[in-house]
Amino acid sequence: MSDEYFYGVTLSSSHPVESWDPEAKAEYPRSNKLLIRQALLGPDAKPDELNVVQVEAMSLQETIKIPVAVLKAGEQRHARLDIEFPDAPVTFTLVQGSGPVHLIGQHLLGALVEEFEDMEEMEEEMLDEEEGDDSQFKEDESKRKASAGKRKTNEDEDDEEGEPKGKKAKMSNNAKGKAPSPKKNAKK
């Protein structure tokens with residue numbers, strides 16, 4: 001997300017419903033996300049009155065309505081929520097009580113759709129360049145394999161005296177009967 005703004009709404013008996021739908025009002029097509037961090041009961045809330053805030057939002061397949069905060073003056077004046085709404089619209093309703101209940105959070109605005117299209121074009125160009133680089137890499141790799149194959153055949157050949165070259169020479173030195181190390185002789 002590229003821009004972040006404060007979001008706040010107050011629900012009360014005179015204003016019990018509030019909807020968040022930036023896509024319906026937006027002049028530019030941008031991605032939006034709403035984060036609700038807290039629900040707070042106002043100082044002039046009636047004592048011993050339950051205030052229930054319900055949210056209506058889209059789930060994976062259908063719209064759901066569920067209470068997200070139950071507040072009561074004298075017992076619980078705030079609730080930490082940390083709820084994310086990636087899809088609009090979202091409707092908050094004070095289904096019980098007279099409030100006021102304040103919902104506090106952040107409205108995150110993403111980049112313009114045009115910027116995403118530009119990014120996609122750039123990614124495609126980068127992939128095309130990488131594919132070109134991969135063909136060069138494959139050519140270099142085949143050259144290395146060819147030269148490695150030539151070295152391997154040289155290592156397997158014996159020299160004029162009948163002794164092996166390369167890795168086989170190292171193994172044959174041990175087999176030629178070198179003297180054991182002094183540490184082993186010291187134990188006896």
# chains A, B, ... in the order shown; residues from 1 in each chain; ligands from 1

call {"tool": "residues_around", "arguments": {"residues": "segment 98-103 of chain A", "least_positions_apart": "6", "cutoff": "6 Å", "atoms": "only C-alpha atoms", "output": "compact mmCIF listing (two decimals) with N, CA, C and O atoms, in the first residue's frame"}}
result
# COMPACT_ATOMS: atom_id res chain seq x y z
N GLY A 8 -11.88 7.15 11.22
CA GLY A 8 -12.65 7.17 12.45
C GLY A 8 -14.11 7.42 12.15
O GLY A 8 -14.47 8.14 11.22
N VAL A 9 -14.96 6.78 12.92
CA VAL A 9 -16.40 6.94 12.77
C VAL A 9 -17.04 6.82 14.15
O VAL A 9 -16.53 6.09 15.01
N THR A 10 -18.13 7.53 14.35
CA THR A 10 -18.86 7.46 15.61
C THR A 10 -20.26 6.95 15.34
O THR A 10 -20.98 7.47 14.49
N LEU A 11 -20.63 5.90 16.08
CA LEU A 11 -21.97 5.33 15.99
C LEU A 11 -22.74 5.72 17.25
O LEU A 11 -22.21 5.63 18.37
N SER A 12 -23.99 6.14 17.07
CA SER A 12 -24.83 6.52 18.20
C SER A 12 -26.28 6.25 17.84
O SER A 12 -26.58 5.80 16.73
N SER A 13 -27.20 6.53 18.78
CA SER A 13 -28.61 6.29 18.50
C SER A 13 -29.11 7.18 17.35
O SER A 13 -29.97 6.79 16.58
N GLN A 38 -9.44 -0.11 17.16
CA GLN A 38 -10.10 -0.05 18.47
C GLN A 38 -11.55 0.40 18.34
O GLN A 38 -11.92 1.11 17.40
N ALA A 39 -12.32 -0.01 19.31
CA ALA A 39 -13.68 0.50 19.51
C ALA A 39 -13.69 1.11 20.91
O ALA A 39 -13.30 0.45 21.89
N LEU A 40 -14.11 2.37 21.01
CA LEU A 40 -14.10 3.09 22.28
C LEU A 40 -15.50 3.59 22.61
O LEU A 40 -16.19 4.14 21.75
N LEU A 41 -15.90 3.43 23.83
CA LEU A 41 -17.18 3.95 24.30
C LEU A 41 -16.98 5.40 24.72
O LEU A 41 -16.04 5.71 25.46
N GLY A 42 -17.82 6.28 24.23
CA GLY A 42 -17.70 7.71 24.55
C GLY A 42 -17.96 7.99 26.02
O GLY A 42 -18.62 7.22 26.72
N ALA A 45 -21.66 7.96 27.49
CA ALA A 45 -22.46 6.74 27.35
C ALA A 45 -23.22 6.47 28.63
O ALA A 45 -22.76 6.78 29.74

call {"tool": "select_by_dssp", "arguments": {"residues": "segment 24-116 of chain A", "states": "strand (DSSP E or B)", "output": "PyMOL selection string"}}
result
chain A and resi 30-41+47+50-58+63-73+76+78-85+90-96+101-112

call {"tool": "residues_around", "arguments": {"residues": "Ala73 of chain A", "least_positions_apart": "4", "cutoff": "7 Å", "atoms": "only C-alpha atoms", "output": "list in words"}}
result
Ala45, Lys46, Pro47, Asp48, Glu49 and Arg77 of chain A

call {"tool": "residues_around", "arguments": {"residues": "segment 78-86 of chain A", "least_positions_apart": "3", "cutoff": "12 Å", "atoms": "only C-alpha atoms", "output": "JSON, numbers by chain"}}
result
{"A": [1, 20, 21, 22, 23, 31, 32, 33, 34, 35, 36, 37, 38, 39, 40, 41, 42, 43, 51, 52, 53, 55, 56, 57, 58, 59, 60, 67, 68, 69, 70, 71, 72, 73, 74, 75, 89, 90, 91, 92, 100, 101, 102, 103, 104, 105, 106, 107, 108, 109, 110]}
